[in-house]
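See structure below.
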Amino acid sequence: MSDQAPEMINMGLPAPRVDGRLKVTGEARYPADVPIANLAHSVLVTSTIACGRIAKIHDHEAWAVPGVIEVLSYTSINGQLGKPRFGVSSTSIGPLHEPRIWHDGQIVALVVADAPEAAEEAARLIAVDYVGTVAPSAGFDSDGAETVDASEVAGREDPAVGDFDHAYAKAPITIDSSYSTPTQHHNPLELFSTTAVWEDGRLTVYEPSQNVHGWRNALAAELKMDPARVRIVSRFIGGAFGSKGPMTPRTAIVALAARRIGRPVRCVVRRDQGYTTATFRAETRHRIRLGADADGRITAYGHDGWEVTSRPDDYLVAGTDTTAKLYGFGSVATKVHLVRSDRNTPGYMRSPPETPYMFALESAMDEMAEALGMDPIEFRRINDTMKEPINGAAYTSRSLMRCYEEAAEAFGWSDRDPEVGSMRDGDWIVGYGCATAMYPSNIGAATARVCLHPNGHATVQTASHEIGTGIRTVSAQLAAECLGIPVDAVDVETGDSTLPPAPVSGGSNSTASVCSAILKACNSVRARLFRAVVAADGGPFSGFEPSTLEIKEGKILGPGPVVMDLGDALARTNEGVLEEYAEFVPEGMNADSIRKLYAGQTPMHGGMSGPRIKCAFGAEFVEVRVHRRTREVRVPRMVGAFAGGRIMNPRTARSQLMGGMIWGLGCALHEATEIDRHTARYLNRDLQDYLVPVNADVDQVEVILVPEHDSDVNPVGVKGLGELGNVGTPAAIANAIYHATGRRVRDLPIRVESLLS
């Protein structure tokens, strides 16, 4: 029996963030905060139409503004930039490459001036004449929108198994329901920005980035130069979660402007322009068909999905790759479609496939439980599985029902009266709801460098990114644990393309990938150190087996009472500093993965593929209160239990999961980008009108970390948590609202008007 508290089994220490003090005191330098000498400022000019061509740009008034240095447009670029490559870049649209307008808010010019006020004034004075304007397609149900089979354009197979049509027709209990999720935009407090500095033909870019090595290579291609002469620096990032994953065309434009004027140039994008010059979560539609027998076993699962994308780029999330493997479905049929429209290209937003697709499935699971007259948890228990139904691959571990058990107990699910509308507190109708959270445990190739210094301190170097998830902290903890030194004796350097490359910080892969490389480097440092002290003539460990030694609290310990200070041991290596560089390639990945990593690609092993399925799971419970007269919705408490393998730091893990659940609350009740269907323009492009949760919306949020040990998932046993927490929340809230009101709301967000008769 362990003497640890249950939550601490297979969990590291809840150490405070190593960069916490820097952040709360304002000493952390975000990219737009980096002081640069002789800095010029730039402002974007964006289109006011969504579909047409530029006839002429009138910039003479802009040039008359004192302090204006340069105005860039497609007429002045003249082929100096290569086109972006969709993938590492957010879009293939090169906004200053041609006069064509693909979407509203497309970049049409960049104004550079000595002062930001001059650049703003000049940008407002630029007028654009357009020709060939036509009514744009805004998305679903718009004239001219083109629907295509996603499997044909993306080279993927829709998950399927068995004879769905026969099983569905034969099932005694069936449901057939449609769901939708809206366009949602990132609104990070840190605005999008680019600062470009040239020196001796070398370019340094300070920009919030989740992929510095990928950007280095992509930017070099657009600027037609050697990647070795490009450096991307992004030591701190605010509000990433996909918004700063792909590089936008702005980066190359600002870099070109800096090269042309011979001065550093900074561009901080206005919030409203961030809606069209960066990416967003695309709206989706779903049709779910479930068939079950009288005992509650699902015999047929059909899921059709539709996603909006831009005209030139087939951006696709295809969440059926996850949902089709969640439960023990008897037969499965799925199909995903893309709807091309005159919009900017969508992109990643926290758990991109899972959030919209799991909302549909988990809502349908509650509908089926209702049709069966069965408790929603029991229905999920009956259909729980240790093998996914498509290929029969086994999960390395699956603690879903343990999550349900712990969350249900903490939440008080047993107090729930299953009768709809039966629970009341004065004028408030109370509803309870739950839903499953699931996210694949992705992992990628990674590299790291570890240096152990004579003073007993260590340096860890990796080009990974601190996007707020705590990678700097858990990296320091792992190195400290391996090298037997305090956490505050470890300095972690991240967010610079001159450091050893790491994967894009997305898909909850960073801790598993980067820590696996750090672990490998630390083990090499230990091995070299132990070999040195064993080989040293006359030393206390002379003749010992290296395998009998260990490091603790800055000392090397041998069998019995033999001890050596770490500094003395390092002195015996005759090197002073022990430095080791390590390359980690996950099992089953190609041998050239590291070469691809250096080339700016991200070789990734998805948790839903391969001979074993690797996933983190959770169960989320919510209480909602709906006012019986006004239909106002409140969520007084949320409880989530999550199992993610080894938890490197319970403090940062709990913070991530809590933040995810709050984001999920916003997804369910607040967030939606309103679109003018006639002009394909976004209307609520600010924090006044784009609603996000505030403190008054969030009362009690309880996070339970369920102990789980999985030695098969990766060398450090980590599954990843960053994108797990918000997956189940929207469906749990929708299910709770049904329990309170009897109104099944299938379209997000759920607002007062959704519940009015």
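Labels used: A, B, ... for chains in the order of the structure tokens, numbers from 1 for residues in each chain, and numbers from 1 for ligands as shown.
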Under the rule of at most 12 Å, produce a per-residue listing of range 712-733 of chain A near range 702-707 of chain A: chain, number, name, the closest pair of atoms, and the distance in Å, as JSON lines, using only C-alpha atoms.
{"residue": "A:Gly717", "atom": "CA", "partner": "A:Pro707", "partner_atom": "CA", "distance": 11.9}
{"residue": "A:Val718", "atom": "CA", "partner": "A:Pro707", "partner_atom": "CA", "distance": 11.8}
{"residue": "A:Leu721", "atom": "CA", "partner": "A:Leu705", "partner_atom": "CA", "distance": 10.6}
{"residue": "A:Gly725", "atom": "CA", "partner": "A:Val703", "partner_atom": "CA", "distance": 9.5}
Which residue out of A:Arg572, A:Arg744, A:Arg634, A:Arg263 has the minimum interatomic distance to Trp428 in chain A when only C-alpha atoms are used?
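Closest candidate: A:Arg634.
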List every residue of range 76-177 of chain A that has an atom at most 12 Å from any atom of range 387-396 of chain A, giving for each one its closest atom pair and the distance in Å to one decimal, counting only C-alpha atoms, sorted by chain and then by ascending residue number, as JSON lines.
{"residue": "A:Glu157", "atom": "CA", "partner": "A:Ile390", "partner_atom": "CA", "distance": 11.6}
{"residue": "A:Asp158", "atom": "CA", "partner": "A:Ile390", "partner_atom": "CA", "distance": 10.5}
{"residue": "A:Pro159", "atom": "CA", "partner": "A:Ile390", "partner_atom": "CA", "distance": 6.8}
{"residue": "A:Ala160", "atom": "CA", "partner": "A:Ile390", "partner_atom": "CA", "distance": 6.3}
{"residue": "A:Val161", "atom": "CA", "partner": "A:Ile390", "partner_atom": "CA", "distance": 5.6}
{"residue": "A:Gly162", "atom": "CA", "partner": "A:Ile390", "partner_atom": "CA", "distance": 8.8}
Dump as a PDB file, in the first residue's frame, selection limited to all heavy atoms:
ATOM      1  N   GLU A 157      -9.596   7.870 -45.260  1.00  0.00           N
ATOM      2  CA  GLU A 157     -10.715   6.942 -45.301  1.00  0.00           C
ATOM      3  C   GLU A 157     -11.677   7.260 -44.164  1.00  0.00           C
ATOM      4  O   GLU A 157     -11.266   7.472 -43.026  1.00  0.00           O
ATOM      5  CB  GLU A 157     -10.221   5.494 -45.163  1.00  0.00           C
ATOM      6  CG  GLU A 157      -9.438   4.986 -46.365  1.00  0.00           C
ATOM      7  CD  GLU A 157      -9.103   3.507 -46.232  1.00  0.00           C
ATOM      8  OE1 GLU A 157      -9.660   2.853 -45.306  1.00  0.00           O
ATOM      9  OE2 GLU A 157      -8.286   3.015 -47.020  1.00  0.00           O
ATOM     10  N   ASP A 158     -12.959   7.294 -44.490  1.00  0.00           N
ATOM     11  CA  ASP A 158     -13.963   7.470 -43.449  1.00  0.00           C
ATOM     12  C   ASP A 158     -14.063   6.192 -42.633  1.00  0.00           C
ATOM     13  O   ASP A 158     -14.289   5.110 -43.196  1.00  0.00           O
ATOM     14  CB  ASP A 158     -15.320   7.786 -44.072  1.00  0.00           C
ATOM     15  CG  ASP A 158     -15.353   9.163 -44.719  1.00  0.00           C
ATOM     16  OD1 ASP A 158     -15.107  10.144 -44.000  1.00  0.00           O
ATOM     17  OD2 ASP A 158     -15.616   9.245 -45.930  1.00  0.00           O
ATOM     18  N   PRO A 159     -13.897   6.264 -41.301  1.00  0.00           N
ATOM     19  CA  PRO A 159     -13.981   5.048 -40.480  1.00  0.00           C
ATOM     20  C   PRO A 159     -15.325   4.348 -40.658  1.00  0.00           C
ATOM     21  O   PRO A 159     -16.388   4.975 -40.615  1.00  0.00           O
ATOM     22  CB  PRO A 159     -13.828   5.583 -39.053  1.00  0.00           C
ATOM     23  CG  PRO A 159     -13.111   6.880 -39.202  1.00  0.00           C
ATOM     24  CD  PRO A 159     -13.581   7.457 -40.492  1.00  0.00           C
ATOM     25  N   ALA A 160     -15.272   3.046 -40.876  1.00  0.00           N
ATOM     26  CA  ALA A 160     -16.491   2.256 -41.067  1.00  0.00           C
ATOM     27  C   ALA A 160     -16.194   0.801 -40.755  1.00  0.00           C
ATOM     28  O   ALA A 160     -15.071   0.325 -40.924  1.00  0.00           O
ATOM     29  CB  ALA A 160     -17.007   2.390 -42.501  1.00  0.00           C
ATOM     30  N   VAL A 161     -17.224   0.097 -40.285  1.00  0.00           N
ATOM     31  CA  VAL A 161     -17.110  -1.332 -40.053  1.00  0.00           C
ATOM     32  C   VAL A 161     -18.509  -1.932 -40.021  1.00  0.00           C
ATOM     33  O   VAL A 161     -19.470  -1.299 -39.562  1.00  0.00           O
ATOM     34  CB  VAL A 161     -16.356  -1.624 -38.723  1.00  0.00           C
ATOM     35  CG1 VAL A 161     -17.173  -1.212 -37.506  1.00  0.00           C
ATOM     36  CG2 VAL A 161     -15.947  -3.079 -38.630  1.00  0.00           C
ATOM     37  N   GLY A 162     -18.649  -3.138 -40.530  1.00  0.00           N
ATOM     38  CA  GLY A 162     -19.933  -3.837 -40.487  1.00  0.00           C
ATOM     39  C   GLY A 162     -20.951  -3.261 -41.454  1.00  0.00           C
ATOM     40  O   GLY A 162     -20.665  -2.392 -42.278  1.00  0.00           O
TER      41      GLY A 162
END
Neighbour list for Val713 in chain A as a ChimeraX atom specification, cut-off 9 Å, only C-alpha atoms, skip fewer than 5 positions in-chain:
/A:396-397,441,607,612-615,645,718-719
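The coordinates place CA of Ala479 in chain A at 27.7 Å from CA of Tyr206 in chain A.
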Have a look at A:Ala448, A:Met349, A:Met564, A:Leu338 and name the one nearest to Arg281 in chain A; count only C-alpha atoms.
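Looking at the shortest contact to Arg281 in chain A, the residue is A:Met349.
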